[in-house]
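Input: a single structure, listed below in structure tokens.
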Amino acid sequence: MNKDTHEGKWKQIKGEFKEKFGEATNDESISNRGKVDKFVGKMQEKYGKTKDEIAEKIKNW
């Protein structure tokens, strides 16, 4: 596993926390940011790319 894969796993954990915290506090913006973090984390873990590389791919999609 490379650094980006580990970073992806960590982003998924942080995203899950943000999502649940947003739901508990009824703050949709925090919850949505958590969902985005989880998605980016899953992409990083699967493909071993940096967050910027993934964002560029999504932007050009």
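Letters A, B, ... go to the chains of the structure tokens in the order shown; residues in each chain start at 1; ligands are counted from 1 in the same order.
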
Write out as a ChimeraX atom specification the residues lying within 6 Å of Gly15 (chain A), counting only C-alpha atoms and excluding same-chain residues fewer than 6 positions away.
-> /A:34-35,37-38

Written selection (N, CA, C and O atoms) as a short mmCIF file (atom, residue, chain, number, x, y, z; two decimals), in the first residue's frame:
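The resulting file, selection.cif, is reproduced below:
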```
data_model
loop_
_atom_site.label_atom_id
_atom_site.label_comp_id
_atom_site.auth_asym_id
_atom_site.auth_seq_id
_atom_site.Cartn_x
_atom_site.Cartn_y
_atom_site.Cartn_z
N GLY A 34 -18.90 15.45 4.96
CA GLY A 34 -18.47 14.12 5.35
C GLY A 34 -18.67 13.11 4.24
O GLY A 34 -17.82 12.25 4.00
N LYS A 35 -19.79 13.21 3.53
CA LYS A 35 -20.05 12.30 2.41
C LYS A 35 -19.02 12.49 1.30
O LYS A 35 -18.55 11.52 0.71
N ASP A 37 -15.94 13.67 1.71
CA ASP A 37 -14.67 13.14 2.22
C ASP A 37 -14.62 11.62 2.11
O ASP A 37 -13.59 11.05 1.74
N LYS A 38 -15.73 10.96 2.43
CA LYS A 38 -15.77 9.50 2.31
C LYS A 38 -15.58 9.06 0.87
O LYS A 38 -14.83 8.12 0.59
#
```

For Gly48 (chain A): contacts at 8 Å, only C-alpha atoms, fewer than 4 positions along chain excluded, given as number ranges by chain = A: 2-5, 8, 43-44

From CA of Lys20 (chain A) to CA of Glu56 (chain A) the spacing works out at 27.5 Å

Atomic separation - CA of Glu53 (chain A) relative to CA of Phe17 (chain A), Å = 24.0 Å

Run DSSP on the backbone and give me the residues of chain A it puts in helix (DSSP H, G or I), as a PyMOL selection string.
-> chain A and resi 3-24+28-47+51-59

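With distances restricted to only C-alpha atoms, A:Glu7 is the closest residue to Thr50 (chain A) from A:Ile13, A:Glu7, A:Ala24, A:Asn32.
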
Fewer than 5 positions away in the same chain doesn't count, so skip those; otherwise give me all residues within 9 Å of Ile30 (chain A), counting only C-alpha atoms, as a PyMOL selection string.
-> chain A and resi 18-23+35

Writer output for current selection, N, CA, C and O atoms, as a PDB file, in the first residue's frame:
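Dumped to selection.pdb:
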```pdb
ATOM      1  N   LYS A  18     -17.683  13.029  10.298  1.00  0.00           N
ATOM      2  CA  LYS A  18     -18.347  14.290   9.940  1.00  0.00           C
ATOM      3  C   LYS A  18     -19.802  14.058   9.561  1.00  0.00           C
ATOM      4  O   LYS A  18     -20.681  14.828   9.949  1.00  0.00           O
ATOM      5  N   GLU A  19     -20.039  13.007   8.801  1.00  0.00           N
ATOM      6  CA  GLU A  19     -21.404  12.703   8.366  1.00  0.00           C
ATOM      7  C   GLU A  19     -22.304  12.438   9.575  1.00  0.00           C
ATOM      8  O   GLU A  19     -23.404  12.993   9.679  1.00  0.00           O
ATOM      9  N   LYS A  20     -21.853  11.606  10.504  1.00  0.00           N
ATOM     10  CA  LYS A  20     -22.647  11.270  11.689  1.00  0.00           C
ATOM     11  C   LYS A  20     -22.805  12.477  12.606  1.00  0.00           C
ATOM     12  O   LYS A  20     -23.870  12.703  13.174  1.00  0.00           O
ATOM     13  N   PHE A  21     -21.747  13.282  12.744  1.00  0.00           N
ATOM     14  CA  PHE A  21     -21.820  14.484  13.573  1.00  0.00           C
ATOM     15  C   PHE A  21     -22.833  15.467  12.986  1.00  0.00           C
ATOM     16  O   PHE A  21     -23.631  16.058  13.709  1.00  0.00           O
ATOM     17  N   GLY A  22     -22.804  15.630  11.659  1.00  0.00           N
ATOM     18  CA  GLY A  22     -23.757  16.510  10.993  1.00  0.00           C
ATOM     19  C   GLY A  22     -25.188  16.047  11.190  1.00  0.00           C
ATOM     20  O   GLY A  22     -26.098  16.864  11.394  1.00  0.00           O
ATOM     21  N   GLU A  23     -25.397  14.745  11.136  1.00  0.00           N
ATOM     22  CA  GLU A  23     -26.736  14.202  11.358  1.00  0.00           C
ATOM     23  C   GLU A  23     -27.182  14.416  12.807  1.00  0.00           C
ATOM     24  O   GLU A  23     -28.327  14.774  13.066  1.00  0.00           O
ATOM     25  N   LYS A  35     -19.788  13.209   3.527  1.00  0.00           N
ATOM     26  CA  LYS A  35     -20.050  12.303   2.412  1.00  0.00           C
ATOM     27  C   LYS A  35     -19.019  12.490   1.303  1.00  0.00           C
ATOM     28  O   LYS A  35     -18.548  11.517   0.710  1.00  0.00           O
TER      29      LYS A  35
END
```

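Here CA of Ile58 (chain A) and CA of Lys46 (chain A) stand 15.0 Å from one another.
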